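**Student:** Here's a structure for you.
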Amino acid sequence: MSGPADGTGAPGSASTSPTADEGRLQRVHPLSPLLRGGIVVVAMLVAGGRQLLEGGTLDWPLLGVGAVVVAVVAWGALSWWVMRFRIGTQTLLIESGILVRRSRRIRLDRVQAVEVQQPFLARLLGMAELAIETAGSGTEATLAYLRVDHARRLRAELLERAAAAGSPSRSGAAPAPGSAPVAVTDGAGGEPGLHQAPVDPLGDRVVAPEPAPELLHQVPPGRLMLSQLVRTAPLVMVVLGLVGVTVMLALDQPMGITVLVPAAIAVASVVGNGFVGQYNFRLSRTSQRLAVHAGLFDVRSQSIPVGRIQGVVVHEPLVWRWLGWCEVKVTVAGVEQHSDDSARLTTTLLPVIDRGAGVRLTGSVLGDSDLVGAPLQPGPPAARWLDPLGWRIQAVGVGADLLATRRGVLDLRTDVAPRHKVQSVGLRQGPVQRRLGLATLHIHLPPGPVDPEARHRQADEVWALALSASAAVAPAPGVPGDAP
Amino acid sequence: MTASDPFGVPGADWSRVSPRLTTLRRVLLVAAAVVVLTAVVAVGVLMPSVRLAAGAVGAAVVAVSAWGWWFTALSVAAWGWVERDQDLVVTRGRLWRRIDVVPYGRMQLVDVTAGPLQRAFGIATVRLHTASPSSRAHLPGLAPRDASRLREQLTERGESRAAGL
């Protein structure tokens, strides 16, 4: 592109020049303003054109509209022109603004995830936007729009630099920039015009394009549809609805069925949302990241750094258990849980999978930690007085590096947290529990779907667990010999 | 205490919060009771027809306040903390007991707050924050000197044992 290629000098090594911002200034795709304000402009042009064709004349209001359109297009083009970004070794620089100049620097070591998203309109034109997530603030910046392959390349580059900029002390999966083979450029053949050069501007390191991700799992649409239908909540609604219909028919009041229509629509929309959002769900992995692609209309493409996963929850709704299915969700640091399904970021790792495969897959994803390695201990019989249905089901497992809890009468859930991710541990004991020698254990994790909790456990058991919880957080510098 | 306590920390005793917290809470309790009693007495004087009911309510308020006076001391005495090698253990609650174990390496932020009333009584509250909104450990009723000492100590230990997310 025509951006000035300044700042490419600075031959210092990356570690000694934290403020260095080598790299080219780039722009997003020229079609971006059209896509952004797109529909409005297109609609206006169509309206104007139709009137021109039908009536042969343009009246004044329409000319006014035309002027507005021209102004909007000009403004869009100008804002496209002034919006530039540059990927440095330590920071991502984004400049924008026509009247008020805005310049943002995002530290790459703070980047938690980079996503390629394709809203419907953009998808039609082969465009995508790049969302950059940082710890704490969620989506920090969006680069919209780019050609899909360009967006993918930028994502790979950003992620790689983020890994390089992050502290090398991050444990877990071995940092693999060195071990990654210098991969062949990806299939598209590359576009010399937009973004070439897999060579780092520093010249000392070859930016390997993301190695071809290995597909771990793909959800067939039929199974997805069925799984969404037989979740407990829609199923209960459907059963109630059928009962309602039968009653109405038995009473010879077929018109009464119309009462159920809104409920049916609600159920259909819940099921449909699940289906549309998770359609063609694919989970794949590269060395340190998981990638999720899903969606029928808006295709989501999300990348999850494995090291940032704080915990896993395996859901098994009632009917799913008979079918041997489960759903896997994760809590990822920096990704807040959103209440609605329109959330761009998902916490779903696998919307539906055979239980055994799901557990195996999740275990291997979490750095070979054995998810089922923590044998689940059932609760004490005394708990039956407080939880007559659930006490047999609920269980706690303490593994070498995992804590797991299971609970739920209708919908079984198993929450698993790596011990070194636990933020804090809480115990509760009410008066009745005290009489029975029981207590409730909570494992506190960053916000997300994973919420390990064990009700009505033997008090001394959970107390010992709580007291040993911090040992995994920071290895003791010596023997904990506490002086009196 | 530790003898009968099922949640005793081995090799350590709970540090307790200042009894000035009891005084503060009792003052608030009495103030509230006085306000309510004044209203009840006023009603009783102005409306002779409900005098009996007002008397009953007044008696109940007095009884509840007396129980509160007694219970405040117990509840304040239930607050406690232990600084261990790796973590801080905070306990609270008499009837519904609650214990939080917060590893130093997990503390994102430790703050000390003291409202005007607390300042008048010479106490402050220490709050611990981790990356999890569910861990809400805090300690009210510390002498300001203890509070800032605790904060310094926790921050220092947190830094030396900091663990990333």
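Residue numbers start at 1 in each chain; chains themselves are named A, B, ... in the order of the structure tokens; ligands are numbered from 1 in the order shown.
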For chain A, report every residue with an atom at most 6 Å from chain B (counting only C-alpha atoms), formatted as a ChimeraX atom specification.

**Tutor:** /A:423-431,444-446,470

**Student:** Write out, as an mmCIF file, in the first residue's frame, the residues just selected, with C-alpha atoms.

**Tutor:**
data_model
loop_
_atom_site.group_PDB
_atom_site.id
_atom_site.type_symbol
_atom_site.label_atom_id
_atom_site.label_comp_id
_atom_site.auth_asym_id
_atom_site.auth_seq_id
_atom_site.Cartn_x
_atom_site.Cartn_y
_atom_site.Cartn_z
ATOM 1 C CA GLN A 423 -7.739 -17.709 42.425
ATOM 2 C CA SER A 424 -8.949 -18.499 45.898
ATOM 3 C CA VAL A 425 -10.921 -21.074 47.806
ATOM 4 C CA GLY A 426 -13.953 -20.478 49.977
ATOM 5 C CA LEU A 427 -15.723 -22.613 52.548
ATOM 6 C CA ARG A 428 -19.223 -22.092 53.930
ATOM 7 C CA GLN A 429 -20.823 -23.751 56.851
ATOM 8 C CA GLY A 430 -24.357 -23.130 57.996
ATOM 9 C CA PRO A 431 -25.824 -24.182 61.338
ATOM 10 C CA HIS A 444 -13.005 -19.184 42.753
ATOM 11 C CA LEU A 445 -11.960 -18.714 39.140
ATOM 12 C CA PRO A 446 -11.964 -15.698 36.837
ATOM 13 C CA SER A 470 -2.137 -22.340 47.440
#

**Student:** Which polymer residues have any atom within 10 Å of an atom of region 214-224 of chain A, counting only C-alpha atoms, with same-chain residues fewer than 2 positions away left out, as a VMD selection string?

**Tutor:** chain A and resid 211 to 212 226 to 229 271 274 to 276 278 to 287 290 to 294 350 to 353 357 to 358 361 365

**Student:** Generate a file of the selected residues that holds C-alpha atoms, formatted as an mmCIF file, in the first residue's frame.

**Tutor:**
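Full text of result_22.cif as output:
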data_model
loop_
_atom_site.group_PDB
_atom_site.id
_atom_site.type_symbol
_atom_site.label_atom_id
_atom_site.label_comp_id
_atom_site.auth_asym_id
_atom_site.auth_seq_id
_atom_site.Cartn_x
_atom_site.Cartn_y
_atom_site.Cartn_z
ATOM 1 C CA PRO A 211 1.353 -23.955 10.802
ATOM 2 C CA ALA A 212 -1.605 -25.681 9.238
ATOM 3 C CA LEU A 226 -30.880 -32.911 17.573
ATOM 4 C CA SER A 227 -28.691 -31.952 20.511
ATOM 5 C CA GLN A 228 -30.205 -28.473 20.693
ATOM 6 C CA LEU A 229 -33.697 -29.990 20.592
ATOM 7 C CA VAL A 271 -33.089 -23.949 19.516
ATOM 8 C CA GLY A 274 -28.063 -22.567 19.165
ATOM 9 C CA PHE A 275 -28.134 -24.148 15.750
ATOM 10 C CA VAL A 276 -27.291 -20.997 13.797
ATOM 11 C CA GLN A 278 -22.813 -23.308 16.332
ATOM 12 C CA TYR A 279 -23.487 -24.470 12.771
ATOM 13 C CA ASN A 280 -20.555 -26.262 11.179
ATOM 14 C CA PHE A 281 -18.617 -26.010 14.418
ATOM 15 C CA ARG A 282 -14.995 -26.871 13.937
ATOM 16 C CA LEU A 283 -12.328 -27.074 16.599
ATOM 17 C CA SER A 284 -8.743 -27.212 15.477
ATOM 18 C CA ARG A 285 -5.432 -26.613 17.106
ATOM 19 C CA THR A 286 -1.989 -25.358 16.354
ATOM 20 C CA SER A 287 0.902 -25.695 18.740
ATOM 21 C CA LEU A 290 -7.178 -23.668 19.733
ATOM 22 C CA ALA A 291 -9.224 -22.285 16.915
ATOM 23 C CA VAL A 292 -12.988 -22.322 16.778
ATOM 24 C CA HIS A 293 -14.948 -21.704 13.601
ATOM 25 C CA ALA A 294 -18.703 -21.706 13.665
ATOM 26 C CA LEU A 350 -17.412 -28.245 21.833
ATOM 27 C CA PRO A 351 -21.185 -27.813 21.464
ATOM 28 C CA VAL A 352 -21.843 -31.544 21.305
ATOM 29 C CA ILE A 353 -19.547 -34.546 21.260
ATOM 30 C CA ALA A 357 -14.180 -38.318 23.002
ATOM 31 C CA GLY A 358 -14.975 -35.003 24.640
ATOM 32 C CA LEU A 361 -10.029 -34.226 23.679
ATOM 33 C CA VAL A 365 -6.010 -29.880 24.978
#

**Student:** Find the distance between CA of Ala439 (chain A) and CA of Gln377 (chain A) and write it in Å to one decimal.

**Tutor:**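 These atoms are spaced 15.1 Å apart.
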
**Student:** Could you pull out the helix (DSSP H, G or I) residues of region 71-114 of chain B, going by DSSP on the backbone, and write them as a list of chain:residue names?

**Tutor:**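 Across region 71-114 of chain B, those assigned helix (DSSP H, G or I) are B:Phe71, B:Thr72, B:Ala73, B:Leu74, B:Ser75, B:Val76, B:Ala77, B:Ala78, B:Tyr104, B:Gly105, B:Arg106.
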
**Student:** Measuring atom to atom with only C-alpha atoms, identify which of A:Leu438, A:Ile304, A:Ala131, A:Ile309 is nearest to Lys421 (chain A).

**Tutor:**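 Of the candidates, the smallest distance to Lys421 (chain A) is held by A:Ile309.
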
**Student:** Measure the distance from CA of Gly324 (chain A) to CA of Arg355 (chain A) in Å and round it to one decimal.

**Tutor:** 5.6 Å

**Student:** I need the residue nearest Ala42 (chain B) from this list: B:Pro144, B:Gly115, B:Gly68, B:Gly55. Use only C-alpha atoms for the distance.

**Tutor:**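 Ranking B:Pro144, B:Gly115, B:Gly68, B:Gly55 by distance to Ala42 (chain B), first place goes to B:Gly55.
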
**Student:** With a distance cut-off of 7 Å and only C-alpha atoms, select the neighbouring residues of Thr113 (chain B), excluding the residue or stretch itself and same-chain residues fewer than 4 positions from it, and output the selection as a list in words.

**Tutor:**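 Contacts, with the query itself left out: Ala124, Thr125 and Val126 of chain B.
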
**Student:** Which parts of region 214-359 of chain A does DSSP call strand (DSSP E) when run on the backbone here, written out as an MDAnalysis selection string?

**Tutor:** chainID A and resid 214:218 282:285 289:294 299:305 309:316 325:332 348:354

**Student:** Any chance you can output those residues with C-alpha atoms as a PDB file, in the first residue's frame?

**Tutor:**
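See result20.pdb below for the written result:
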ATOM      1  CA  GLU A 214      -4.950 -29.800  12.892  1.00  0.00           C
ATOM      2  CA  LEU A 215      -8.675 -30.401  12.869  1.00  0.00           C
ATOM      3  CA  LEU A 216      -9.687 -31.900  16.179  1.00  0.00           C
ATOM      4  CA  HIS A 217     -13.408 -32.122  15.841  1.00  0.00           C
ATOM      5  CA  GLN A 218     -16.248 -31.116  13.583  1.00  0.00           C
ATOM      6  CA  ARG A 282     -14.995 -26.871  13.937  1.00  0.00           C
ATOM      7  CA  LEU A 283     -12.328 -27.074  16.599  1.00  0.00           C
ATOM      8  CA  SER A 284      -8.743 -27.212  15.477  1.00  0.00           C
ATOM      9  CA  ARG A 285      -5.432 -26.613  17.106  1.00  0.00           C
ATOM     10  CA  ARG A 289      -3.760 -22.318  20.342  1.00  0.00           C
ATOM     11  CA  LEU A 290      -7.178 -23.668  19.733  1.00  0.00           C
ATOM     12  CA  ALA A 291      -9.224 -22.285  16.915  1.00  0.00           C
ATOM     13  CA  VAL A 292     -12.988 -22.322  16.778  1.00  0.00           C
ATOM     14  CA  HIS A 293     -14.948 -21.704  13.601  1.00  0.00           C
ATOM     15  CA  ALA A 294     -18.703 -21.706  13.665  1.00  0.00           C
ATOM     16  CA  VAL A 299     -19.000 -16.961  10.734  1.00  0.00           C
ATOM     17  CA  ARG A 300     -17.034 -16.656  13.883  1.00  0.00           C
ATOM     18  CA  SER A 301     -13.400 -17.558  13.992  1.00  0.00           C
ATOM     19  CA  GLN A 302     -11.889 -17.435  17.383  1.00  0.00           C
ATOM     20  CA  SER A 303      -8.527 -18.307  18.712  1.00  0.00           C
ATOM     21  CA  ILE A 304      -7.973 -19.438  22.276  1.00  0.00           C
ATOM     22  CA  PRO A 305      -4.470 -19.571  23.720  1.00  0.00           C
ATOM     23  CA  ILE A 309      -7.766 -21.476  29.752  1.00  0.00           C
ATOM     24  CA  GLN A 310      -8.725 -21.241  33.408  1.00  0.00           C
ATOM     25  CA  GLY A 311     -11.060 -24.168  33.623  1.00  0.00           C
ATOM     26  CA  VAL A 312     -13.354 -26.528  31.788  1.00  0.00           C
ATOM     27  CA  VAL A 313     -16.942 -27.490  32.414  1.00  0.00           C
ATOM     28  CA  VAL A 314     -18.569 -30.556  30.871  1.00  0.00           C
ATOM     29  CA  HIS A 315     -22.357 -30.314  30.684  1.00  0.00           C
ATOM     30  CA  GLU A 316     -24.505 -33.392  30.314  1.00  0.00           C
ATOM     31  CA  TRP A 325     -23.177 -36.782  24.609  1.00  0.00           C
ATOM     32  CA  CYS A 326     -21.719 -33.806  26.357  1.00  0.00           C
ATOM     33  CA  GLU A 327     -20.971 -30.133  25.838  1.00  0.00           C
ATOM     34  CA  VAL A 328     -17.644 -28.585  26.808  1.00  0.00           C
ATOM     35  CA  LYS A 329     -17.217 -24.951  27.815  1.00  0.00           C
ATOM     36  CA  VAL A 330     -14.140 -23.109  28.975  1.00  0.00           C
ATOM     37  CA  THR A 331     -13.309 -20.052  30.993  1.00  0.00           C
ATOM     38  CA  VAL A 332     -10.641 -18.006  29.267  1.00  0.00           C
ATOM     39  CA  THR A 348     -18.080 -23.079  23.988  1.00  0.00           C
ATOM     40  CA  LEU A 349     -15.254 -25.411  23.124  1.00  0.00           C
ATOM     41  CA  LEU A 350     -17.412 -28.245  21.833  1.00  0.00           C
ATOM     42  CA  PRO A 351     -21.185 -27.813  21.464  1.00  0.00           C
ATOM     43  CA  VAL A 352     -21.843 -31.544  21.305  1.00  0.00           C
ATOM     44  CA  ILE A 353     -19.547 -34.546  21.260  1.00  0.00           C
ATOM     45  CA  ASP A 354     -19.493 -38.126  22.470  1.00  0.00           C
TER      46      ASP A 354
END
